[in-house]
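J.: First the structure, which I've put down as structure tokens, then a few questions once you've had a look.
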Amino acid sequence: MAFNYANWLRQDLMPHIWCPGCGIGIVLKSAIRAMESLGWNQDTIGFVSGIGCTSRAPGYVDMNTLHTTHGRALTFATGLKMAAPDKNVVVMAGDGDSAAIGGNHLIHSCRRNINITMIIVNNEIYGMTGGQFSPTTPGGARAATAPYGNIDPGFDLCKLTIAAGATYVARGHVANGIYLERLIKGGMAHKGFAVIEVMSNCHTQYGRRNQHPDPAELIEHIASNAVMLTKWDKMTPEEKSGKYPIGVLHKETDKPEYCESFYKLQQHAQERVRDASRKIAEAEAMKPKREGAGGEPSEN
Amino acid sequence: MTHNKDRVFWAGNETIAEAALRAGCNFYAGYPITPSSEIAALLSLRLPQTGGVFLQMEDEIAAMGAVVGGSLGGAKAMTATSGPGFSLKQENIGYAIMSETPCVIVDVQRGGPSTGAPTAPAQSDIMQARWGTHGDHSMIALTPGTPAEVYRETVRAFHLSEAYRTPVMLLIDEIIAHTTESFDIPTDEDLGPIHPRTWYQERYGANSFRPFHDFYQGKHIHITGLSHNERGFATTTPAIIQRGIEHLVNKIELNQKEIERNDTYMLEDAEIALIAFGSPGRASKEAVDIARAEGIKAGLMRIITFWPFPTATIRELVDKVRAVIVPEMNMGMLRGEVERAAMRRDVQLHGVNCVGGVPIEPQQVIDKIREVYRGL
Ligand SMILES: Cc1ncc(C[n+]2csc(CCOP(=O)(O)OP(=O)(O)O)c2C)c(N)n1
Ligand code: SF4
């Protein structure tokens, strides 16, 4: 039976702003299916984004949604998660949002290992502002601000987030939504900071300038460079050139999660207060009662 | 003399931290910066004891984002900063204004621009508090001047932020932050009742453009910094955008009477009025005493609610006096506002401006009073 998205979407807010053929919708649908298959209740989800085409996603899904400032989604998400740690927080943002202006927040969220799922839609360009190069635009590619070809080396977002301490890091692409759903679900089920990088198409701003103006053709191109991790590990450096691995690239389960660490810290602080009050009460009880002294001691 | 358990010996930063807890603050996010750091240090100790959250974020931008996120999660949230940190917070302060998210922002003012004079007092952020973030909006900013007042205004800042559903600024200067004094903690009666978020949600609907709900209250709310309609969803309809901005301004400006607070001293028959805020208010009060002893009819208006600016009150005051002197630790930010309020009325306006990073002395103020008095 086909999946029924009706319960999950704010259909009265359609049509959406995305270009026909844009990959963002595929990612959003995969995320929704992952949420439903985990049995998540809509009211227990905080869905957070920054600013960009990708970051418009929260407007269309029927749950508690937060469309923040450019680059800062993870900071709002961290506050929201700490204020209500029993709720699920999912962040979705573009490559510029996550890795340029928001790069600092990304690595620090990884470092804290806070239980948030971060879906990065990597279309290798700034979509919303008209196709300027981003920190993931390939070398030599054309962009609105790289008319001679991009000379800025790019980030490998998975390597970056693994190095920064994320405990679940996966990569997928928009040509395989079923597999993507699985990767996202794995991240959502994971306790700790989970990053899912999704290679996506912006034919309008990237493809048009780089020989792939057609969405289907660009998606095919993206898929053709993807290699399953198991195969990737056996490839030579020459074979890897221009390709990228997909799958769960990193997972660890023994690192403390931030909300839990903070909860323990609270317990410890409260225990110390109880200890101190007990000691004060004991000391008070030991004090000899002076006959006829009457009342509290004076200040002097 | 009986022992008074409510008498404390605290510096301003300590007072703010303790008063915030009294107001029910259960969420702090910040980034270290002099001269505000003690607030964070104290709350890192105290908040976990009371079941609250303390976060030291990677920068002030992150801290301000976390505060808004925490507030949307239902917490009474605050941050504290100074100088460069206050600059960094501005974009997300604008987000809190636009999204009508209650929160409290403490700015312990130090010398600027840039790194400026980190350990020296100043009052030069008062315009940034009002206009630091882009776009049209109003602002509530409180500028207490005495220790008990710092306590009371901190508690009030939380109340106002939830009643008007907006970020509220609490501005002190380095002198207030670091001067340790003894004072009596205000009683419950002085402060009035302290309410949970739900109380404000039920009561202050009229101060909200979109319905006042937090996350996870079953409403599936949407929050955005884009211009939005009454349901909270982005809009490009000019009439709705206009209504939204007018709402952000009017909900504060039209309720100014409830928000405004000033302290007056010997103003009834004054010919020369001093207008001040924060620690120069104390030097000014002393100068008034000296002037009175010399037979000069001086008085003082000390502003406690700086924004929205007490324009009408000041207009009334300048009609009754012959000269106004504004002592302040900046180059004339308050004086400019007083001039605007006075609207070209026939009154002399003078300043005492100290930006060298030292407090204004009563001597500087009395010298100016005498000079102005001779010229009357
Ligand atoms: C502080 C700030 N700087 C710049 C912008 C303008 N801006 C909006 S979206 C965007 C980049 C969008 O690119 P990306 O994050 O990759 O997302 P996409 O649109 O491709 O999904 C920029 C630079 C902004 N909104 N705020
Ligand atoms: S500009 Fe690019 S990223 Fe934005 S909606 Fe269009 S195709 Fe998608």
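Residue numbering restarts at 1 in every chain; chains get A, B, ... in the order shown in the structure tokens, and ligands count up from 1 in that same order.
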Which neighbours of segment 182-184 of chain A fall inside 10 Å, counting only C-alpha atoms, when residues of the same chain fewer than 2 positions from it are skipped, and could you give them as number ranges by chain?

T.: A: 27, 30-35, 37, 117-119, 168-172, 177-180, 186-190, 194-198, 246-248

J.: Pull out every residue of chain B sitting within 7 Å of chain A, counting only C-alpha atoms, and send them as a PyMOL selection string.

T.: chain B and resi 1-3+48-49+51+53+58+62+65-70+72-75+215-216+218+220-225

J.: Using only C-alpha atoms and all ligand atoms, find each protein or nucleic acid residue lying at most 9 Å from ligand 2; present the set as a PDB file with N, CA and C atoms, in the first residue's frame.

T.:
```
ATOM      1  N   ILE A  17       7.442  25.953  -2.265  1.00  0.00           N
ATOM      2  CA  ILE A  17       8.225  26.930  -3.045  1.00  0.00           C
ATOM      3  C   ILE A  17       9.297  26.280  -3.918  1.00  0.00           C
ATOM      4  N   TRP A  18       9.481  24.948  -3.780  1.00  0.00           N
ATOM      5  CA  TRP A  18      10.614  24.326  -4.465  1.00  0.00           C
ATOM      6  C   TRP A  18      10.395  24.197  -5.976  1.00  0.00           C
ATOM      7  N   CYS A  19      11.498  24.224  -6.724  1.00  0.00           N
ATOM      8  CA  CYS A  19      11.429  24.047  -8.174  1.00  0.00           C
ATOM      9  C   CYS A  19      10.933  22.631  -8.483  1.00  0.00           C
ATOM     10  N   PRO A  20      10.199  22.463  -9.567  1.00  0.00           N
ATOM     11  CA  PRO A  20       9.827  21.106  -9.987  1.00  0.00           C
ATOM     12  C   PRO A  20      11.094  20.272 -10.190  1.00  0.00           C
ATOM     13  N   GLY A  21      11.088  19.075  -9.624  1.00  0.00           N
ATOM     14  CA  GLY A  21      12.237  18.182  -9.802  1.00  0.00           C
ATOM     15  C   GLY A  21      13.306  18.330  -8.744  1.00  0.00           C
ATOM     16  N   CYS A  22      13.130  19.250  -7.796  1.00  0.00           N
ATOM     17  CA  CYS A  22      14.136  19.439  -6.749  1.00  0.00           C
ATOM     18  C   CYS A  22      14.168  18.236  -5.815  1.00  0.00           C
ATOM     19  N   GLY A  23      15.365  17.875  -5.370  1.00  0.00           N
ATOM     20  CA  GLY A  23      15.533  16.688  -4.535  1.00  0.00           C
ATOM     21  C   GLY A  23      15.082  16.852  -3.093  1.00  0.00           C
ATOM     22  N   ILE A  24      14.872  18.086  -2.653  1.00  0.00           N
ATOM     23  CA  ILE A  24      14.546  18.311  -1.233  1.00  0.00           C
ATOM     24  C   ILE A  24      13.286  17.538  -0.818  1.00  0.00           C
ATOM     25  N   GLY A  25      12.299  17.498  -1.728  1.00  0.00           N
ATOM     26  CA  GLY A  25      11.059  16.785  -1.419  1.00  0.00           C
ATOM     27  C   GLY A  25      11.296  15.304  -1.162  1.00  0.00           C
ATOM     28  N   GLY A  52      17.249  28.764   3.864  1.00  0.00           N
ATOM     29  CA  GLY A  52      17.689  28.248   2.572  1.00  0.00           C
ATOM     30  C   GLY A  52      16.525  27.498   1.961  1.00  0.00           C
ATOM     31  N   CYS A  53      16.714  26.953   0.754  1.00  0.00           N
ATOM     32  CA  CYS A  53      15.632  26.163   0.152  1.00  0.00           C
ATOM     33  C   CYS A  53      15.307  24.970   1.034  1.00  0.00           C
ATOM     34  N   THR A  54      16.351  24.214   1.418  1.00  0.00           N
ATOM     35  CA  THR A  54      16.150  23.044   2.268  1.00  0.00           C
ATOM     36  C   THR A  54      15.426  23.424   3.546  1.00  0.00           C
ATOM     37  N   GLY A  94      20.604  23.021   4.533  1.00  0.00           N
ATOM     38  CA  GLY A  94      21.440  22.895   3.346  1.00  0.00           C
ATOM     39  C   GLY A  94      22.925  22.864   3.674  1.00  0.00           C
ATOM     40  N   VAL A 121      21.153  18.441   3.526  1.00  0.00           N
ATOM     41  CA  VAL A 121      20.884  18.269   2.103  1.00  0.00           C
ATOM     42  C   VAL A 121      22.004  18.975   1.344  1.00  0.00           C
ATOM     43  N   ASN A 123      23.441  19.949  -1.864  1.00  0.00           N
ATOM     44  CA  ASN A 123      23.273  20.129  -3.310  1.00  0.00           C
ATOM     45  C   ASN A 123      24.472  20.874  -3.900  1.00  0.00           C
ATOM     46  N   ILE A 125      25.707  23.718  -3.544  1.00  0.00           N
ATOM     47  CA  ILE A 125      25.534  25.101  -4.009  1.00  0.00           C
ATOM     48  C   ILE A 125      24.616  25.858  -3.032  1.00  0.00           C
ATOM     49  N   TYR A 126      24.664  27.179  -3.068  1.00  0.00           N
ATOM     50  CA  TYR A 126      23.663  27.980  -2.364  1.00  0.00           C
ATOM     51  C   TYR A 126      22.463  28.109  -3.289  1.00  0.00           C
ATOM     52  N   GLY A 127      21.418  27.320  -3.019  1.00  0.00           N
ATOM     53  CA  GLY A 127      20.253  27.341  -3.896  1.00  0.00           C
ATOM     54  C   GLY A 127      19.468  28.637  -3.776  1.00  0.00           C
ATOM     55  N   MET A 128      19.061  28.927  -2.576  1.00  0.00           N
ATOM     56  CA  MET A 128      18.090  30.002  -2.378  1.00  0.00           C
ATOM     57  C   MET A 128      18.575  31.375  -2.839  1.00  0.00           C
ATOM     58  N   THR A 129      19.880  31.629  -2.650  1.00  0.00           N
ATOM     59  CA  THR A 129      20.371  32.973  -2.971  1.00  0.00           C
ATOM     60  C   THR A 129      20.851  33.107  -4.414  1.00  0.00           C
ATOM     61  N   GLY A 130      20.705  32.047  -5.197  1.00  0.00           N
ATOM     62  CA  GLY A 130      20.981  32.211  -6.614  1.00  0.00           C
ATOM     63  C   GLY A 130      22.255  31.558  -7.122  1.00  0.00           C
ATOM     64  N   GLY A 131      22.723  30.510  -6.436  1.00  0.00           N
ATOM     65  CA  GLY A 131      23.773  29.691  -7.019  1.00  0.00           C
ATOM     66  C   GLY A 131      25.200  30.132  -6.776  1.00  0.00           C
ATOM     67  N   SER A 200      22.140  15.760  -3.101  1.00  0.00           N
ATOM     68  CA  SER A 200      20.877  16.117  -3.742  1.00  0.00           C
ATOM     69  C   SER A 200      21.120  17.003  -4.960  1.00  0.00           C
ATOM     70  N   ASN A 201      20.055  17.209  -5.720  1.00  0.00           N
ATOM     71  CA  ASN A 201      20.193  17.967  -6.963  1.00  0.00           C
ATOM     72  C   ASN A 201      19.626  19.375  -6.852  1.00  0.00           C
ATOM     73  N   CYS A 202      20.418  20.349  -7.263  1.00  0.00           N
ATOM     74  CA  CYS A 202      19.884  21.675  -7.525  1.00  0.00           C
ATOM     75  C   CYS A 202      20.196  21.954  -8.984  1.00  0.00           C
ATOM     76  N   HIS A 203      19.287  21.456  -9.843  1.00  0.00           N
ATOM     77  CA  HIS A 203      19.498  21.647 -11.287  1.00  0.00           C
ATOM     78  C   HIS A 203      19.364  23.119 -11.658  1.00  0.00           C
ATOM     79  N   THR A 204      18.529  23.827 -10.884  1.00  0.00           N
ATOM     80  CA  THR A 204      18.259  25.231 -11.214  1.00  0.00           C
ATOM     81  C   THR A 204      19.497  26.103 -11.042  1.00  0.00           C
ATOM     82  N   GLN A 205      20.186  25.933  -9.939  1.00  0.00           N
ATOM     83  CA  GLN A 205      21.319  26.807  -9.665  1.00  0.00           C
ATOM     84  C   GLN A 205      22.675  26.155  -9.930  1.00  0.00           C
ATOM     85  N   TYR A 206      22.752  24.829  -9.721  1.00  0.00           N
ATOM     86  CA  TYR A 206      24.035  24.152  -9.950  1.00  0.00           C
ATOM     87  C   TYR A 206      24.069  23.489 -11.327  1.00  0.00           C
ATOM     88  N   GLY A 207      23.096  22.638 -11.567  1.00  0.00           N
ATOM     89  CA  GLY A 207      23.086  21.866 -12.812  1.00  0.00           C
ATOM     90  C   GLY A 207      23.126  22.751 -14.052  1.00  0.00           C
ATOM     91  N   PRO A 215      16.705  17.873 -14.203  1.00  0.00           N
ATOM     92  CA  PRO A 215      16.747  17.277 -12.857  1.00  0.00           C
ATOM     93  C   PRO A 215      16.999  15.771 -12.875  1.00  0.00           C
TER      94      PRO A 215
END
```

J.: Which residues in segment 205-289 of chain B does DSSP call strand (DSSP E or B)? List them as a list in words.

T.: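 The strand (DSSP E or B) residues within segment 205-289 of chain B come out as His222, Ile223, Thr224, His228, Ala234, Asn262, Asp263, Thr264, Tyr265, Ile272, Ala273, Leu274, Ile275 and Ala276 of chain B.
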
J.: Export all heavy atoms of the chosen residues as a short mmCIF file (atom, residue, chain, number, x, y, z; two decimals), in the first residue's frame?

T.:
```
data_model
loop_
_atom_site.label_atom_id
_atom_site.label_comp_id
_atom_site.auth_asym_id
_atom_site.auth_seq_id
_atom_site.Cartn_x
_atom_site.Cartn_y
_atom_site.Cartn_z
N HIS B 222 4.06 26.52 14.28
CA HIS B 222 5.18 26.83 13.39
C HIS B 222 5.74 28.19 13.78
O HIS B 222 5.00 29.15 13.94
CB HIS B 222 4.71 26.85 11.93
CG HIS B 222 5.81 27.16 10.96
ND1 HIS B 222 6.91 26.34 10.81
CD2 HIS B 222 6.01 28.21 10.11
CE1 HIS B 222 7.74 26.87 9.89
NE2 HIS B 222 7.21 28.00 9.47
N ILE B 223 7.05 28.24 13.94
CA ILE B 223 7.71 29.49 14.32
C ILE B 223 8.69 29.87 13.22
O ILE B 223 9.49 29.04 12.79
CB ILE B 223 8.52 29.31 15.63
CG1 ILE B 223 7.72 28.60 16.70
CG2 ILE B 223 9.05 30.65 16.13
CD1 ILE B 223 6.74 29.42 17.43
N THR B 224 8.63 31.09 12.78
CA THR B 224 9.55 31.55 11.73
C THR B 224 9.95 33.00 11.96
O THR B 224 9.21 33.77 12.57
CB THR B 224 8.92 31.38 10.32
OG1 THR B 224 9.86 31.87 9.35
CG2 THR B 224 7.62 32.17 10.17
N HIS B 228 4.97 36.79 9.02
CA HIS B 228 4.01 35.69 9.03
C HIS B 228 2.61 36.18 9.32
O HIS B 228 2.41 37.31 9.75
CB HIS B 228 4.44 34.64 10.07
CG HIS B 228 4.83 35.23 11.40
ND1 HIS B 228 6.14 35.59 11.69
CD2 HIS B 228 4.10 35.57 12.47
CE1 HIS B 228 6.19 36.10 12.91
NE2 HIS B 228 4.97 36.12 13.41
N ALA B 234 4.54 31.84 7.02
CA ALA B 234 5.14 32.89 6.21
C ALA B 234 4.13 33.51 5.25
O ALA B 234 3.28 32.82 4.68
CB ALA B 234 6.31 32.31 5.42
N ASN B 262 10.32 55.24 36.79
CA ASN B 262 11.38 56.22 37.03
C ASN B 262 11.48 56.43 38.53
O ASN B 262 10.55 56.14 39.27
CB ASN B 262 11.04 57.57 36.39
CG ASN B 262 10.67 57.42 34.93
OD1 ASN B 262 11.49 57.03 34.12
ND2 ASN B 262 9.42 57.71 34.60
N ASP B 263 12.60 57.01 38.94
CA ASP B 263 12.75 57.40 40.34
C ASP B 263 12.99 58.91 40.33
O ASP B 263 13.79 59.39 39.52
CB ASP B 263 13.95 56.66 40.93
CG ASP B 263 14.09 56.93 42.42
OD1 ASP B 263 13.05 57.09 43.09
OD2 ASP B 263 15.24 57.01 42.89
N THR B 264 12.30 59.65 41.19
CA THR B 264 12.52 61.10 41.19
C THR B 264 13.00 61.54 42.57
O THR B 264 12.65 60.94 43.58
CB THR B 264 11.25 61.88 40.83
OG1 THR B 264 10.21 61.50 41.75
CG2 THR B 264 10.81 61.58 39.42
N TYR B 265 13.80 62.60 42.56
CA TYR B 265 14.39 63.10 43.80
C TYR B 265 14.40 64.63 43.75
O TYR B 265 15.05 65.21 42.87
CB TYR B 265 15.80 62.54 43.94
CG TYR B 265 16.51 62.89 45.23
CD1 TYR B 265 15.99 62.51 46.47
CD2 TYR B 265 17.71 63.59 45.20
CE1 TYR B 265 16.65 62.82 47.65
CE2 TYR B 265 18.38 63.91 46.37
CZ TYR B 265 17.84 63.53 47.59
OH TYR B 265 18.50 63.84 48.75
N ILE B 272 16.68 73.25 37.99
CA ILE B 272 17.62 72.48 37.18
C ILE B 272 17.33 71.00 37.40
O ILE B 272 17.36 70.52 38.54
CB ILE B 272 19.08 72.78 37.57
CG1 ILE B 272 19.40 74.27 37.33
CG2 ILE B 272 20.05 71.89 36.78
CD1 ILE B 272 20.78 74.69 37.78
N ALA B 273 17.01 70.29 36.33
CA ALA B 273 16.73 68.86 36.45
C ALA B 273 17.90 68.06 35.91
O ALA B 273 18.41 68.34 34.83
CB ALA B 273 15.46 68.51 35.69
N LEU B 274 18.33 67.08 36.70
CA LEU B 274 19.29 66.11 36.19
C LEU B 274 18.49 64.92 35.69
O LEU B 274 17.53 64.51 36.33
CB LEU B 274 20.24 65.65 37.30
CG LEU B 274 21.03 66.73 38.05
CD1 LEU B 274 21.94 66.06 39.09
CD2 LEU B 274 21.87 67.55 37.08
N ILE B 275 18.87 64.38 34.55
CA ILE B 275 18.25 63.14 34.07
C ILE B 275 19.38 62.14 33.86
O ILE B 275 20.35 62.43 33.16
CB ILE B 275 17.46 63.36 32.76
CG1 ILE B 275 16.38 64.44 32.97
CG2 ILE B 275 16.81 62.06 32.32
CD1 ILE B 275 15.54 64.75 31.73
N ALA B 276 19.27 60.99 34.51
CA ALA B 276 20.36 60.01 34.46
C ALA B 276 19.78 58.61 34.55
O ALA B 276 18.58 58.42 34.84
CB ALA B 276 21.34 60.25 35.60
#
```

J.: May I ask which of the residues B:Leu226, B:Ile126, B:Ala163, B:Cys103 is the closest one to ligand 1, counting only C-alpha atoms and all ligand atoms?

T.: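 Nearest candidate to ligand 1 out of B:Leu226, B:Ile126, B:Ala163, B:Cys103: B:Leu226.
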
J.: Return the single residue from B:Thr15, B:Asn92, B:Ser37, B:Gln256 that is closest to ligand 1, with distances computed using only C-alpha atoms and all ligand atoms.

T.: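 Distance minimum relative to ligand 1 lands on B:Asn92.
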
J.: What's the separation between atom CA of Gly149 of chain A and atom CA of Phe133 of chain A, in Å to one decimal place?

T.: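 That distance, rounded to one decimal, is 9.5 Å.
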
J.: How close does chain B get to ligand 1? List, as JSON lines, each residue of chain B within 12 Å, its nearest atom pair and the distance in Å to one decimal, counting only C-alpha atoms and all ligand atoms.

T.:
```
{"residue": "B:Ile61", "atom": "CA", "partner": "ligand 1", "partner_atom_place_in_ligand_line": "1 (C)", "distance": 10.9}
{"residue": "B:Leu88", "atom": "CA", "partner": "ligand 1", "partner_atom_place_in_ligand_line": "1 (C)", "distance": 11.2}
{"residue": "B:Lys89", "atom": "CA", "partner": "ligand 1", "partner_atom_place_in_ligand_line": "1 (C)", "distance": 11.9}
{"residue": "B:Gln90", "atom": "CA", "partner": "ligand 1", "partner_atom_place_in_ligand_line": "1 (C)", "distance": 10.9}
{"residue": "B:Glu91", "atom": "CA", "partner": "ligand 1", "partner_atom_place_in_ligand_line": "1 (C)", "distance": 7.7}
{"residue": "B:Asn92", "atom": "CA", "partner": "ligand 1", "partner_atom_place_in_ligand_line": "1 (C)", "distance": 9.9}
{"residue": "B:Gly94", "atom": "CA", "partner": "ligand 1", "partner_atom_place_in_ligand_line": "1 (C)", "distance": 11.7}
{"residue": "B:Tyr95", "atom": "CA", "partner": "ligand 1", "partner_atom_place_in_ligand_line": "1 (C)", "distance": 11.5}
{"residue": "B:Thr133", "atom": "CA", "partner": "ligand 1", "partner_atom_place_in_ligand_line": "1 (C)", "distance": 11.8}
{"residue": "B:His134", "atom": "CA", "partner": "ligand 1", "partner_atom_place_in_ligand_line": "1 (C)", "distance": 11.3}
{"residue": "B:Gly225", "atom": "CA", "partner": "ligand 1", "partner_atom_place_in_ligand_line": "25 (N)", "distance": 10.2}
{"residue": "B:Leu226", "atom": "CA", "partner": "ligand 1", "partner_atom_place_in_ligand_line": "25 (N)", "distance": 10.2}
```

J.: Grab the residues selected above and save them as a compact mmCIF listing (two decimals), in the first residue's frame with N, CA, C and O atoms.

T.:
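Output below, filename again_22.txt:
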```
# COMPACT_ATOMS: atom_id res chain seq x y z
N ILE B 61 26.32 33.90 19.49
CA ILE B 61 25.25 33.66 18.51
C ILE B 61 24.54 32.37 18.92
O ILE B 61 23.31 32.30 18.97
N LEU B 88 27.22 40.29 18.79
CA LEU B 88 27.00 39.00 18.13
C LEU B 88 25.58 38.49 18.32
O LEU B 88 25.06 37.76 17.50
N LYS B 89 24.96 38.83 19.41
CA LYS B 89 23.62 38.30 19.68
C LYS B 89 22.53 38.94 18.84
O LYS B 89 21.40 38.44 18.78
N GLN B 90 22.85 40.05 18.20
CA GLN B 90 21.78 40.89 17.67
C GLN B 90 20.86 40.19 16.67
O GLN B 90 19.65 40.40 16.69
N GLU B 91 21.40 39.36 15.78
CA GLU B 91 20.52 38.78 14.77
C GLU B 91 19.46 37.88 15.43
O GLU B 91 18.28 37.93 15.08
N ASN B 92 19.90 37.08 16.40
CA ASN B 92 18.94 36.18 17.04
C ASN B 92 18.04 36.90 18.04
O ASN B 92 16.97 36.40 18.38
N GLY B 94 16.74 39.73 17.18
CA GLY B 94 15.70 40.09 16.21
C GLY B 94 14.76 38.92 15.96
O GLY B 94 13.55 39.09 15.82
N TYR B 95 15.31 37.72 15.94
CA TYR B 95 14.47 36.53 15.75
C TYR B 95 13.48 36.39 16.91
O TYR B 95 12.30 36.08 16.71
N THR B 133 19.42 45.27 16.36
CA THR B 133 19.02 44.31 15.34
C THR B 133 18.31 45.06 14.22
O THR B 133 17.75 46.12 14.44
N HIS B 134 18.41 44.52 13.00
CA HIS B 134 17.82 45.23 11.86
C HIS B 134 16.30 45.14 11.87
O HIS B 134 15.72 44.26 12.50
N GLY B 225 11.12 33.34 11.45
CA GLY B 225 11.56 34.74 11.49
C GLY B 225 11.08 35.51 10.26
O GLY B 225 11.29 36.71 10.15
N LEU B 226 10.45 34.79 9.33
CA LEU B 226 9.84 35.46 8.17
C LEU B 226 8.61 36.22 8.64
O LEU B 226 7.96 35.82 9.61
```

J.: Using only C-alpha atoms, which protein or nucleic acid residues come within 10 Å of Tyr373 of chain B? Drop anything in the same chain fewer than 2 positions from it, and give the result as JSON, numbers by chain.

T.: {"B": [271, 272, 291, 296, 297, 298, 322, 323, 367, 368, 369, 370, 371, 375, 376]}

J.: Can you check which residues of segment 5-214 of chain A DSSP gives as alpha helix (DSSP H) on the backbone and send them as number ranges by chain?

T.: A: 24-37, 73-83, 95-99, 103-112, 157-164, 177-189

J.: Quick one: of B:Gly299, B:Gly192, B:Pro35, B:Gly244, who's nearest to Asp136 of chain B, counting only C-alpha atoms?

T.: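 Using only C-alpha atoms, Asp136 of chain B sits closest to B:Gly244.
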
J.: Distance atom CA of Pro196 of chain B-atom CA of Ser161 of chain B, one decimal place?

T.: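 We find that atom CA of Pro196 of chain B and atom CA of Ser161 of chain B lie 12.4 Å from each other.
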
J.: What does the distance between atom CA of Glu239 of chain A and atom CA of Asn210 of chain A come to in Å, to one decimal place?

T.: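 Interatomic distance, atom CA of Glu239 of chain A to atom CA of Asn210 of chain A: 22.6 Å.
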